[in-house]
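Have a look at my_file.tsv below; it lists TSV, C-alpha atoms.
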chain	number	residue	atom	x	y	z
A	1	MET	CA	256.61	-60.94	43.47
A	2	THR	CA	257.72	-58.91	46.45
A	3	ARG	CA	256.38	-55.47	47.23
A	4	VAL	CA	259.02	-52.74	46.92
A	5	GLY	CA	259.47	-50.00	49.46
A	6	ILE	CA	261.54	-46.83	49.54
A	7	ILE	CA	263.61	-46.79	52.73
A	8	GLY	CA	266.04	-43.93	52.10
A	9	ILE	CA	266.04	-40.58	50.31
A	10	GLY	CA	268.68	-37.96	49.62
A	11	HIS	CA	268.75	-34.71	47.67
A	12	GLY	CA	271.51	-32.26	46.81
A	13	LYS	CA	271.19	-28.56	46.10
A	14	PHE	CA	270.12	-27.81	42.53
A	15	GLY	CA	271.82	-24.91	40.76
A	16	ARG	CA	274.97	-23.90	38.92
A	17	ARG	CA	277.24	-26.15	40.92
A	18	SER	CA	280.74	-25.02	39.98
A	19	ASP	CA	281.84	-26.44	43.34
A	20	ALA	CA	281.31	-30.09	42.34
A	21	ASN	CA	281.74	-32.52	39.46
A	22	VAL	CA	279.03	-35.01	38.61
A	23	GLN	CA	280.29	-37.82	40.86
A	24	GLU	CA	280.55	-35.39	43.77
A	25	LEU	CA	276.97	-34.31	43.14
A	26	ALA	CA	275.93	-37.97	43.19
A	27	PHE	CA	277.77	-38.54	46.47
A	28	GLU	CA	276.03	-35.57	48.09
A	29	ALA	CA	272.62	-37.17	47.53
A	30	PHE	CA	273.77	-40.78	48.08
A	31	ARG	CA	275.36	-40.06	51.47
A	32	GLU	CA	272.12	-38.47	52.67
A	33	ALA	CA	270.01	-41.40	51.42
A	34	VAL	CA	272.19	-44.06	53.06
A	35	ALA	CA	272.06	-42.19	56.37
A	36	ASP	CA	268.29	-41.84	56.04
A	37	ALA	CA	267.89	-45.57	55.37
A	38	GLN	CA	270.20	-46.44	58.28
A	39	ILE	CA	272.03	-49.12	56.29
A	40	ASN	CA	275.65	-49.91	55.52
A	41	LEU	CA	277.26	-49.80	52.07
A	42	ASN	CA	277.63	-53.60	52.15
A	43	ASP	CA	273.84	-53.94	52.40
A	44	ILE	CA	273.38	-52.45	48.93
A	45	ASP	CA	273.22	-55.05	46.13
A	46	GLY	CA	273.89	-52.64	43.29
A	47	SER	CA	272.99	-49.31	41.76
A	48	VAL	CA	271.22	-47.83	38.78
A	49	VAL	CA	272.28	-44.40	37.55
A	50	GLY	CA	269.84	-42.20	35.64
A	51	SER	CA	271.65	-39.65	33.49
A	52	VAL	CA	272.07	-38.42	29.92
A	53	PRO	CA	275.73	-38.94	28.97
A	54	GLU	CA	275.89	-36.38	26.13
A	55	TYR	CA	275.97	-33.54	28.67
A	56	HIS	CA	279.14	-34.77	30.37
A	57	GLN	CA	282.78	-34.83	29.36
A	58	GLN	CA	283.00	-38.17	31.18
A	59	ARG	CA	281.78	-41.24	29.32
A	60	SER	CA	280.49	-44.46	30.93
A	61	LEU	CA	279.16	-42.43	33.83
A	62	ALA	CA	277.67	-45.29	35.89
A	63	GLY	CA	281.10	-46.85	36.45
A	64	VAL	CA	282.61	-43.54	37.55
A	65	VAL	CA	279.76	-42.85	39.98
A	66	GLN	CA	279.80	-46.41	41.32
A	67	GLU	CA	283.51	-46.21	42.08
A	68	TYR	CA	283.23	-42.81	43.73
A	69	LEU	CA	280.38	-44.04	45.95
A	70	GLY	CA	282.47	-47.03	47.10
A	71	LEU	CA	280.05	-49.62	45.72
A	72	ASN	CA	282.43	-51.74	43.63
A	73	PRO	CA	282.30	-54.68	42.90
A	74	LYS	CA	278.49	-54.57	43.07
A	75	PRO	CA	276.76	-54.30	39.65
A	76	THR	CA	275.78	-50.97	38.17
A	77	TRP	CA	274.33	-49.69	34.93
A	78	LEU	CA	273.01	-46.55	33.29
A	79	THR	CA	269.48	-45.73	32.11
A	80	GLU	CA	268.88	-43.03	29.50
A	81	VAL	CA	265.51	-41.90	28.19
A	82	ALA	CA	266.16	-38.16	27.95
A	83	CYS	CA	264.50	-36.16	30.77
A	84	ALA	CA	262.84	-39.32	32.18
A	85	SER	CA	266.16	-41.10	32.82
A	86	GLY	CA	265.77	-40.88	36.61
A	87	SER	CA	262.34	-42.53	36.64
A	88	ALA	CA	263.62	-45.20	34.23
A	89	ALA	CA	266.36	-45.93	36.77
A	90	ILE	CA	263.77	-46.28	39.55
A	91	ARG	CA	261.67	-48.63	37.44
A	92	THR	CA	264.75	-50.70	36.59
A	93	ALA	CA	265.68	-51.14	40.25
A	94	TRP	CA	262.03	-51.82	41.14
A	95	MET	CA	261.91	-54.62	38.53
A	96	GLY	CA	265.19	-56.08	39.81
A	97	ILE	CA	263.86	-56.28	43.35
A	98	ARG	CA	260.42	-57.59	42.36
A	99	SER	CA	262.08	-60.34	40.32
A	100	GLY	CA	264.12	-61.47	43.32
A	101	ALA	CA	267.45	-60.73	41.67
A	102	HIS	CA	268.21	-57.96	44.17
A	103	ARG	CA	267.21	-57.03	47.72
A	104	ILE	CA	268.39	-53.44	48.20
A	105	MET	CA	269.20	-51.10	45.32
A	106	ALA	CA	270.44	-47.51	45.21
A	107	VAL	CA	269.06	-45.29	42.46
A	108	ILE	CA	271.05	-42.16	41.70
A	109	GLY	CA	269.82	-39.50	39.29
A	110	CYS	CA	272.59	-37.03	38.50
A	111	GLN	CA	273.40	-34.46	35.85
A	112	LYS	CA	276.01	-31.77	35.32
A	113	MET	CA	274.33	-29.52	32.77
A	114	THR	CA	276.55	-26.46	33.00
A	115	GLU	CA	279.61	-28.01	31.38
A	116	LEU	CA	277.92	-27.04	28.10
A	117	SER	CA	276.76	-23.65	26.84
A	118	THR	CA	273.06	-22.79	26.51
A	119	ALA	CA	273.37	-22.98	22.71
A	120	GLU	CA	274.90	-26.47	22.93
A	121	ILE	CA	272.17	-27.63	25.30
A	122	LEU	CA	269.43	-26.25	23.04
A	123	ALA	CA	270.92	-28.07	20.07
A	124	LEU	CA	271.15	-31.36	22.01
A	125	MET	CA	267.58	-31.11	23.27
A	126	GLY	CA	266.25	-30.22	19.83
A	127	ARG	CA	267.72	-33.43	18.46
A	128	VAL	CA	265.51	-35.46	20.79
A	129	GLY	CA	262.84	-34.74	18.18
A	130	ASP	CA	262.82	-36.22	14.70
A	131	VAL	CA	266.21	-35.24	13.23
A	132	GLN	CA	265.21	-35.97	9.63
A	133	TRP	CA	261.93	-34.05	9.45
A	134	GLU	CA	261.74	-31.67	12.42
A	135	SER	CA	264.82	-30.56	14.35
A	136	GLY	CA	266.53	-29.31	11.18
A	137	PHE	CA	263.80	-26.68	10.95
A	138	GLY	CA	264.56	-25.14	14.33
A	139	THR	CA	262.36	-27.18	16.63
A	140	THR	CA	264.13	-26.49	19.90
A	141	PHE	CA	262.44	-27.64	23.10
A	142	PRO	CA	260.67	-24.28	23.62
A	143	ALA	CA	259.46	-24.41	20.02
A	144	TYR	CA	257.99	-27.89	20.46
A	145	TYR	CA	256.13	-26.94	23.61
A	146	ALA	CA	254.99	-23.69	22.00
A	147	LEU	CA	253.18	-25.91	19.47
A	148	PHE	CA	251.43	-27.71	22.34
A	149	ALA	CA	250.51	-24.37	23.92
A	150	GLN	CA	249.18	-22.90	20.67
A	151	SER	CA	247.08	-26.00	20.05
A	152	HIS	CA	245.68	-26.04	23.59
A	153	MET	CA	244.85	-22.33	23.45
A	154	HIS	CA	243.16	-22.72	20.06
A	155	GLN	CA	241.13	-25.80	20.98
A	156	TYR	CA	240.16	-25.02	24.57
A	157	GLY	CA	240.58	-21.28	25.02
A	158	THR	CA	243.46	-21.62	27.46
A	159	THR	CA	245.03	-18.22	28.05
A	160	ARG	CA	248.56	-16.91	28.43
A	161	LYS	CA	247.58	-15.74	31.91
A	162	GLN	CA	246.61	-19.30	32.89
A	163	LEU	CA	249.92	-20.63	31.62
A	164	LEU	CA	251.86	-18.15	33.72
A	165	GLU	CA	249.72	-18.83	36.79
A	166	VAL	CA	251.52	-22.20	36.83
A	167	ALA	CA	254.84	-20.35	37.05
A	168	VAL	CA	253.57	-18.10	39.88
A	169	LYS	CA	252.46	-21.16	41.89
A	170	ASN	CA	255.68	-23.08	41.37
A	171	HIS	CA	257.88	-20.13	42.28
A	172	PHE	CA	255.74	-19.61	45.40
A	173	TYR	CA	256.59	-23.12	46.57
A	174	GLY	CA	260.16	-23.06	45.22
A	175	ALA	CA	260.84	-20.10	47.51
A	176	ARG	CA	260.10	-22.48	50.40
A	177	ASN	CA	262.35	-25.30	49.18
A	178	PRO	CA	265.96	-25.04	50.41
A	179	LYS	CA	267.17	-27.33	47.60
A	180	ALA	CA	265.61	-25.28	44.77
A	181	LEU	CA	267.52	-23.25	42.17
A	182	PHE	CA	265.12	-20.27	42.30
A	183	ARG	CA	264.04	-19.38	45.84
A	184	LYS	CA	262.10	-16.27	44.96
A	185	GLU	CA	258.39	-15.64	44.51
A	186	ILE	CA	257.20	-13.89	41.35
A	187	THR	CA	254.05	-11.98	40.53
A	188	LEU	CA	251.79	-12.54	37.56
A	189	GLU	CA	252.77	-9.07	36.36
A	190	ASP	CA	256.47	-10.08	36.46
A	191	ALA	CA	255.70	-13.16	34.41
A	192	LEU	CA	253.50	-11.41	31.84
A	193	GLY	CA	256.21	-8.79	31.37
A	194	SER	CA	258.99	-11.29	30.64
A	195	GLU	CA	260.52	-11.69	27.19
A	196	MET	CA	259.00	-13.93	24.53
A	197	VAL	CA	260.91	-17.17	23.89
A	198	ALA	CA	258.67	-19.08	21.45
A	199	ASP	CA	255.19	-17.63	21.08
A	200	PRO	CA	253.19	-17.96	23.32
A	201	LEU	CA	255.86	-19.12	25.78
A	202	GLN	CA	257.72	-16.39	27.66
A	203	VAL	CA	260.80	-16.60	29.87
A	204	TYR	CA	258.76	-17.46	32.96
A	205	ASP	CA	257.00	-20.28	31.09
A	206	CYS	CA	260.30	-22.15	30.74
A	207	CYS	CA	262.28	-24.17	33.28
A	208	ALA	CA	266.03	-23.67	33.73
A	209	ASN	CA	268.91	-26.09	33.26
A	210	ALA	CA	270.72	-26.97	36.47
A	211	ASP	CA	273.30	-29.26	38.04
A	212	GLY	CA	272.23	-31.63	40.77
A	213	ALA	CA	271.53	-35.12	42.05
A	214	ALA	CA	268.97	-37.08	44.04
A	215	CYS	CA	268.96	-40.62	45.41
A	216	VAL	CA	266.43	-43.19	46.63
A	217	ILE	CA	267.12	-46.56	48.26
A	218	LEU	CA	264.65	-49.30	47.31
A	219	ALA	CA	264.23	-52.54	49.24
A	220	ALA	CA	262.25	-55.78	49.17
A	221	GLU	CA	259.23	-55.92	51.47
A	222	ASP	CA	260.76	-57.94	54.30
A	223	VAL	CA	263.80	-55.64	54.42
A	224	ALA	CA	261.68	-52.50	54.19
A	225	ARG	CA	259.46	-53.53	57.09
A	226	LYS	CA	262.49	-53.70	59.40
A	227	ASN	CA	263.31	-50.05	58.70
A	228	SER	CA	262.65	-47.64	61.56
A	229	LYS	CA	261.04	-44.96	59.36
A	230	PRO	CA	257.59	-45.19	57.77
A	231	VAL	CA	257.87	-47.16	54.53
A	232	VAL	CA	256.59	-45.65	51.31
A	233	TRP	CA	255.62	-48.36	48.83
A	234	LEU	CA	255.99	-48.07	45.07
A	235	ASP	CA	252.71	-49.79	44.30
A	236	GLY	CA	251.95	-48.56	40.79
A	237	ALA	CA	254.46	-48.28	37.97
A	238	GLY	CA	253.38	-47.34	34.46
A	239	CYS	CA	255.48	-46.48	31.45
A	240	ALA	CA	254.70	-45.89	27.79
A	241	SER	CA	256.06	-44.35	24.61
A	242	ALA	CA	254.85	-42.24	21.69
A	243	SER	CA	256.14	-41.36	18.23
A	244	VAL	CA	259.35	-39.34	18.06
A	245	SER	CA	257.81	-37.06	15.47
A	246	VAL	CA	254.98	-34.84	16.70
A	247	LEU	CA	253.66	-34.89	13.12
A	248	ARG	CA	252.53	-38.47	13.72
A	249	ARG	CA	250.73	-37.71	17.01
A	250	PRO	CA	246.91	-37.78	17.04
A	251	ASN	CA	246.85	-34.24	18.47
A	252	LEU	CA	249.03	-31.66	20.21
A	253	VAL	CA	246.89	-31.03	23.29
A	254	GLY	CA	248.22	-33.88	25.44
A	255	LEU	CA	250.74	-36.70	25.61
A	256	PRO	CA	249.45	-40.17	24.70
A	257	SER	CA	252.42	-41.72	26.52
A	258	ALA	CA	251.38	-39.98	29.76
A	259	GLN	CA	247.78	-41.08	29.43
A	260	GLU	CA	248.80	-44.73	28.93
A	261	ALA	CA	251.44	-44.70	31.69
A	262	ALA	CA	248.90	-43.22	34.09
A	263	ARG	CA	246.33	-45.88	33.19
A	264	GLN	CA	248.85	-48.64	33.93
A	265	ALA	CA	249.98	-47.11	37.22
A	266	TYR	CA	246.46	-46.55	38.52
A	267	GLU	CA	245.41	-50.07	37.56
A	268	MET	CA	248.44	-51.67	39.23
A	269	ALA	CA	247.95	-49.66	42.43
A	270	GLY	CA	244.19	-50.23	42.46
A	271	LEU	CA	243.65	-46.48	42.76
A	272	GLY	CA	242.41	-43.59	40.64
A	273	PRO	CA	243.08	-39.88	40.14
A	274	LYS	CA	240.80	-38.87	43.03
A	275	ASP	CA	242.97	-40.89	45.43
A	276	ILE	CA	246.10	-38.83	44.71
A	277	LYS	CA	246.76	-36.39	47.56
A	278	VAL	CA	249.93	-34.83	46.12
A	279	ALA	CA	251.65	-35.05	42.75
A	280	GLU	CA	254.94	-34.15	41.11
A	281	VAL	CA	254.52	-33.58	37.36
A	282	HIS	CA	256.92	-32.73	34.56
A	283	ASP	CA	256.55	-28.97	34.16
A	284	CYS	CA	259.45	-28.31	31.79
A	285	PHE	CA	257.13	-25.62	30.42
A	286	THR	CA	253.95	-24.27	31.97
A	287	ILE	CA	251.80	-25.86	29.27
A	288	ALA	CA	253.30	-29.24	30.22
A	289	GLU	CA	251.85	-28.96	33.74
A	290	ILE	CA	248.42	-27.97	32.41
A	291	MET	CA	248.42	-30.96	30.02
A	292	ALA	CA	249.54	-33.20	32.89
A	293	TYR	CA	246.50	-32.21	34.99
A	294	GLU	CA	244.35	-33.53	32.16
A	295	ASP	CA	246.46	-36.54	31.10
A	296	LEU	CA	246.54	-37.80	34.71
A	297	GLY	CA	242.77	-37.37	35.17
A	298	PHE	CA	242.87	-34.60	37.78
A	299	CYS	CA	240.45	-32.70	35.56
A	300	LYS	CA	238.72	-33.22	32.22
A	301	LYS	CA	240.41	-32.53	28.90
A	302	GLY	CA	240.50	-28.83	28.20
A	303	GLU	CA	239.93	-27.83	31.84
A	304	GLY	CA	243.59	-27.59	32.88
A	305	GLY	CA	243.62	-23.81	32.56
A	306	ARG	CA	240.65	-23.49	34.86
A	307	PHE	CA	242.23	-26.00	37.27
A	308	ILE	CA	245.18	-23.67	37.92
A	309	SER	CA	243.07	-20.48	37.85
A	310	GLU	CA	240.86	-21.94	40.59
A	311	ARG	CA	244.02	-22.84	42.57
A	312	GLN	CA	243.08	-26.53	42.58
A	313	SER	CA	246.79	-27.46	42.29
A	314	TYR	CA	247.79	-25.42	45.37
A	315	ILE	CA	247.96	-26.89	48.86
A	316	GLY	CA	244.34	-26.79	50.00
A	317	GLY	CA	243.07	-27.43	46.48
A	318	GLN	CA	241.83	-30.67	44.96
A	319	THR	CA	245.27	-32.08	44.02
A	320	PRO	CA	248.37	-30.14	45.11
A	321	VAL	CA	250.97	-30.32	42.34
A	322	ASN	CA	254.69	-29.46	42.38
A	323	VAL	CA	254.73	-28.02	45.86
A	324	ASP	CA	258.54	-28.26	45.84
A	325	GLY	CA	258.67	-25.72	42.99
A	326	GLY	CA	258.65	-28.28	40.18
A	327	LEU	CA	261.18	-28.14	37.37
A	328	LYS	CA	260.15	-24.54	36.90
A	329	ALA	CA	261.59	-23.21	40.18
A	330	LYS	CA	263.60	-26.15	41.51
A	331	GLY	CA	265.58	-26.54	38.28
A	332	HIS	CA	265.91	-29.37	35.78
A	333	PRO	CA	269.12	-31.43	35.92
A	334	ILE	CA	267.54	-33.87	33.52
A	335	GLY	CA	268.91	-37.19	34.81
A	336	ALA	CA	268.11	-36.23	38.40
A	337	THR	CA	264.56	-34.96	37.85
A	338	GLY	CA	262.56	-38.20	38.19
A	339	VAL	CA	264.46	-39.20	41.33
A	340	SER	CA	264.04	-35.70	42.78
A	341	MET	CA	260.27	-35.96	42.22
A	342	THR	CA	260.26	-39.26	44.12
A	343	VAL	CA	262.23	-37.79	47.03
A	344	GLU	CA	259.62	-35.03	47.36
A	345	ILE	CA	256.68	-37.46	47.34
A	346	VAL	CA	258.34	-39.66	49.97
A	347	LYS	CA	258.86	-36.58	52.16
A	348	GLN	CA	255.22	-35.63	51.74
A	349	LEU	CA	253.94	-39.12	52.57
A	350	ARG	CA	256.20	-39.29	55.64
A	351	GLY	CA	255.01	-35.86	56.76
A	352	GLU	CA	258.50	-34.34	56.51
A	353	ALA	CA	257.90	-31.48	54.04
A	354	GLU	CA	257.62	-28.80	56.75
A	355	GLU	CA	256.00	-25.57	55.46
A	356	ARG	CA	255.23	-27.25	52.12
A	357	GLN	CA	253.47	-30.19	53.78
A	358	VAL	CA	250.18	-31.33	52.24
A	359	PRO	CA	247.85	-32.32	55.11
A	360	ASP	CA	246.95	-36.02	55.41
A	361	ALA	CA	249.01	-37.02	52.35
A	362	ASP	CA	249.04	-40.81	52.14
A	363	VAL	CA	249.08	-41.39	48.34
A	364	GLY	CA	251.31	-39.55	45.89
A	365	LEU	CA	252.20	-39.65	42.22
A	366	THR	CA	255.16	-38.78	40.00
A	367	HIS	CA	254.87	-38.04	36.28
A	368	ASN	CA	258.20	-37.82	34.43
A	369	VAL	CA	258.31	-37.14	30.69
A	370	GLY	CA	261.25	-37.85	28.40
A	371	GLY	CA	261.86	-35.77	25.30
A	372	ILE	CA	258.70	-34.24	23.87
A	373	GLY	CA	256.58	-37.09	25.17
A	374	GLN	CA	258.31	-40.01	23.49
A	375	TYR	CA	258.63	-41.56	26.94
A	376	CYS	CA	256.63	-41.22	30.12
A	377	PHE	CA	256.85	-42.88	33.54
A	378	VAL	CA	254.06	-42.55	36.10
A	379	HIS	CA	254.60	-43.95	39.60
A	380	VAL	CA	252.02	-44.19	42.38
A	381	LEU	CA	253.41	-44.26	45.90
A	382	ARG	CA	251.53	-45.09	49.08
A	383	ARG	CA	252.30	-44.81	52.77
A	384	GLU	CA	251.58	-47.93	54.81
What's the structure tokens form of this structure?
Amino acid sequence: MTRVGIIGIGHGKFGRRSDANVQELAFEAFREAVADAQINLNDIDGSVVGSVPEYHQQRSLAGVVQEYLGLNPKPTWLTEVACASGSAAIRTAWMGIRSGAHRIMAVIGCQKMTELSTAEILALMGRVGDVQWESGFGTTFPAYYALFAQSHMHQYGTTRKQLLEVAVKNHFYGARNPKALFRKEITLEDALGSEMVADPLQVYDCCANADGAACVILAAEDVARKNSKPVVWLDGAGCASASVSVLRRPNLVGLPSAQEAARQAYEMAGLGPKDIKVAEVHDCFTIAEIMAYEDLGFCKKGEGGRFISERQSYIGGQTPVNVDGGLKAKGHPIGATGVSMTVEIVKQLRGEAEERQVPDADVGLTHNVGGIGQYCFVHVLRRE
């Protein structure tokens, strides 16, 4: 099976994009990726769109996006696994190219979140959990992750201060990312003084909904090697699932799907946690980033709080994490998130991240969670 490289990347501005509909957001990122790859539209065999259709007025979104991008009559389809839809789209295109069915594929993650009210979005996200036994009792997304935080604090002594240190870090880097929703640093005092959302999670523990899109162009090895820019190879691809109901999970201090997806990705790439120079992880809430440190093997179980307190996830630390601001500061247009993470890692491995550049970054990782951990995709990327 052929090796798969990423030859083009594009990223739109994340935010409340009243200036664009969802297909216009997709075009913004797609146009940039095609120019970056230095290819023609006719070179693209097809597309995969990562998005969650319930948030849009438009149904059958892949067809609408495909037409707007001028890619008809090439094939297209939609992937949907909640907040991991973008990474599912990347994996789908990766499998298509490795199988030989396709040579060059465009992956577009796009979401228009602000067509719905906050109350409607909370209700939709809550129903990602078990509708029969959980969401009817008020388990919104913040409430679910509050359970993880309470469990982690009880079992390992993780503190509220350590949780909010994640937010301080991610806003520090988000302020340096021109595509981020929140481009403003915060202090720990700001964060500790914010309103409670779901104890122990406060406002600054929670990411924000956003509109936006990102795009990557994947190609078979022989095509990728002809590209003028350094090729970043997708060498490890892991994915796994877990029970919809958190009541059936073995514990609430980590995500079994993330641990299994990471194991697969490391094994396929022939690498381990210590080889990762920069990572993008799914920090929908600050506790999610702390659990990701542990689930991905950057530190031992229970040591995630200390990992952030010791600044090991900053540039200059052991494993820089979310140096584009993460979901926390960059924003979370759910279908676009996994593709956005990949764009950032490619930039880092090419040495194009400017003031956010991690020195000597040659191996990177993305960790994209769907729902409350029902799905997880972990990808390991490597510069030639």
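A search radius of 7 Å centred on (271.4, -35.7, 51.4), applied to all atoms listed in the file, returns the residues Gly10, His11, Gly12, Glu28, Ala29, Phe30, Arg31, Glu32 and Ala33 of chain A.
Counting only C-alpha atoms, Val166 (chain A) has the following residues at most 9 Å away, ignoring those fewer than 4 positions along the same chain: Gln162, Asn170, His171, Asp205, Asp283, Thr286, Ile287, Glu289, Ile290, Ile308, Ser309, Ser313 and Lys328 of chain A.
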Give me, as number ranges by chain, all polymer residues having an atom no more than 7 Å from region 356-371 of chain A, counting only C-alpha atoms and skipping those fewer than 6 positions away in the same chain. A: 81-84, 87, 128, 275-282, 315, 323, 338, 341-342, 345, 348-349, 377-383
Using C-alpha atoms, can you write the selected residues to a file as a PDB file, in the coordinates of the input?
ATOM      1  CA  VAL A  81     265.510 -41.900  28.190  1.00  0.00           C
ATOM      2  CA  ALA A  82     266.160 -38.160  27.950  1.00  0.00           C
ATOM      3  CA  CYS A  83     264.500 -36.160  30.770  1.00  0.00           C
ATOM      4  CA  ALA A  84     262.840 -39.320  32.180  1.00  0.00           C
ATOM      5  CA  SER A  87     262.340 -42.530  36.640  1.00  0.00           C
ATOM      6  CA  VAL A 128     265.510 -35.460  20.790  1.00  0.00           C
ATOM      7  CA  ASP A 275     242.970 -40.890  45.430  1.00  0.00           C
ATOM      8  CA  ILE A 276     246.100 -38.830  44.710  1.00  0.00           C
ATOM      9  CA  LYS A 277     246.760 -36.390  47.560  1.00  0.00           C
ATOM     10  CA  VAL A 278     249.930 -34.830  46.120  1.00  0.00           C
ATOM     11  CA  ALA A 279     251.650 -35.050  42.750  1.00  0.00           C
ATOM     12  CA  GLU A 280     254.940 -34.150  41.110  1.00  0.00           C
ATOM     13  CA  VAL A 281     254.520 -33.580  37.360  1.00  0.00           C
ATOM     14  CA  HIS A 282     256.920 -32.730  34.560  1.00  0.00           C
ATOM     15  CA  ILE A 315     247.960 -26.890  48.860  1.00  0.00           C
ATOM     16  CA  VAL A 323     254.730 -28.020  45.860  1.00  0.00           C
ATOM     17  CA  GLY A 338     262.560 -38.200  38.190  1.00  0.00           C
ATOM     18  CA  MET A 341     260.270 -35.960  42.220  1.00  0.00           C
ATOM     19  CA  THR A 342     260.260 -39.260  44.120  1.00  0.00           C
ATOM     20  CA  ILE A 345     256.680 -37.460  47.340  1.00  0.00           C
ATOM     21  CA  GLN A 348     255.220 -35.630  51.740  1.00  0.00           C
ATOM     22  CA  LEU A 349     253.940 -39.120  52.570  1.00  0.00           C
ATOM     23  CA  PHE A 377     256.850 -42.880  33.540  1.00  0.00           C
ATOM     24  CA  VAL A 378     254.060 -42.550  36.100  1.00  0.00           C
ATOM     25  CA  HIS A 379     254.600 -43.950  39.600  1.00  0.00           C
ATOM     26  CA  VAL A 380     252.020 -44.190  42.380  1.00  0.00           C
ATOM     27  CA  LEU A 381     253.410 -44.260  45.900  1.00  0.00           C
ATOM     28  CA  ARG A 382     251.530 -45.090  49.080  1.00  0.00           C
ATOM     29  CA  ARG A 383     252.300 -44.810  52.770  1.00  0.00           C
TER      30      ARG A 383
END
In terms of the shortest atom-to-atom distance over all atoms listed in the file, which of A:Gly325, A:Gly50, A:Ala123, A:Thr118 is closest to Glu185 (chain A)? A:Gly325
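Closest approach to Arg59 (chain A) from the set A:Val22, A:Leu41, A:Glu344, A:Ile217 is made by A:Val22, with distances taken over all atoms listed in the file.
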Kindly complete region 22-33 of chain A to N, CA, C and O atoms; the output should be written as a PDB file, in the frame of the given file.
ATOM      1  N   VAL A  22     280.263 -34.231  38.581  1.00  0.00           N
ATOM      2  CA  VAL A  22     279.030 -35.010  38.610  1.00  0.00           C
ATOM      3  C   VAL A  22     279.075 -36.121  39.650  1.00  0.00           C
ATOM      4  O   VAL A  22     278.077 -36.403  40.328  1.00  0.00           O
ATOM      5  N   GLN A  23     280.233 -36.763  39.848  1.00  0.00           N
ATOM      6  CA  GLN A  23     280.290 -37.820  40.860  1.00  0.00           C
ATOM      7  C   GLN A  23     280.208 -37.244  42.277  1.00  0.00           C
ATOM      8  O   GLN A  23     279.648 -37.881  43.183  1.00  0.00           O
ATOM      9  N   GLU A  24     280.690 -36.039  42.467  1.00  0.00           N
ATOM     10  CA  GLU A  24     280.550 -35.390  43.770  1.00  0.00           C
ATOM     11  C   GLU A  24     279.091 -35.000  44.039  1.00  0.00           C
ATOM     12  O   GLU A  24     278.613 -35.102  45.171  1.00  0.00           O
ATOM     13  N   LEU A  25     278.404 -34.566  43.003  1.00  0.00           N
ATOM     14  CA  LEU A  25     276.970 -34.310  43.140  1.00  0.00           C
ATOM     15  C   LEU A  25     276.228 -35.581  43.535  1.00  0.00           C
ATOM     16  O   LEU A  25     275.356 -35.562  44.416  1.00  0.00           O
ATOM     17  N   ALA A  26     276.568 -36.690  42.876  1.00  0.00           N
ATOM     18  CA  ALA A  26     275.930 -37.970  43.190  1.00  0.00           C
ATOM     19  C   ALA A  26     276.202 -38.372  44.632  1.00  0.00           C
ATOM     20  O   ALA A  26     275.294 -38.845  45.337  1.00  0.00           O
ATOM     21  N   PHE A  27     277.421 -38.173  45.093  1.00  0.00           N
ATOM     22  CA  PHE A  27     277.770 -38.540  46.470  1.00  0.00           C
ATOM     23  C   PHE A  27     276.987 -37.726  47.485  1.00  0.00           C
ATOM     24  O   PHE A  27     276.563 -38.234  48.528  1.00  0.00           O
ATOM     25  N   GLU A  28     276.779 -36.453  47.187  1.00  0.00           N
ATOM     26  CA  GLU A  28     276.030 -35.570  48.090  1.00  0.00           C
ATOM     27  C   GLU A  28     274.650 -36.142  48.395  1.00  0.00           C
ATOM     28  O   GLU A  28     274.213 -36.168  49.553  1.00  0.00           O
ATOM     29  N   ALA A  29     273.962 -36.601  47.352  1.00  0.00           N
ATOM     30  CA  ALA A  29     272.620 -37.170  47.530  1.00  0.00           C
ATOM     31  C   ALA A  29     272.684 -38.587  48.113  1.00  0.00           C
ATOM     32  O   ALA A  29     271.868 -38.952  48.971  1.00  0.00           O
ATOM     33  N   PHE A  30     273.647 -39.378  47.654  1.00  0.00           N
ATOM     34  CA  PHE A  30     273.770 -40.780  48.080  1.00  0.00           C
ATOM     35  C   PHE A  30     274.064 -40.863  49.575  1.00  0.00           C
ATOM     36  O   PHE A  30     273.464 -41.662  50.297  1.00  0.00           O
ATOM     37  N   ARG A  31     274.991 -40.048  50.039  1.00  0.00           N
ATOM     38  CA  ARG A  31     275.360 -40.060  51.470  1.00  0.00           C
ATOM     39  C   ARG A  31     274.131 -39.780  52.334  1.00  0.00           C
ATOM     40  O   ARG A  31     273.908 -40.439  53.356  1.00  0.00           O
ATOM     41  N   GLU A  32     273.324 -38.819  51.921  1.00  0.00           N
ATOM     42  CA  GLU A  32     272.120 -38.470  52.670  1.00  0.00           C
ATOM     43  C   GLU A  32     271.106 -39.611  52.671  1.00  0.00           C
ATOM     44  O   GLU A  32     270.469 -39.895  53.690  1.00  0.00           O
ATOM     45  N   ALA A  33     270.972 -40.300  51.516  1.00  0.00           N
ATOM     46  CA  ALA A  33     270.010 -41.400  51.420  1.00  0.00           C
ATOM     47  C   ALA A  33     270.420 -42.593  52.258  1.00  0.00           C
ATOM     48  O   ALA A  33     269.577 -43.234  52.907  1.00  0.00           O
TER      49      ALA A  33
END
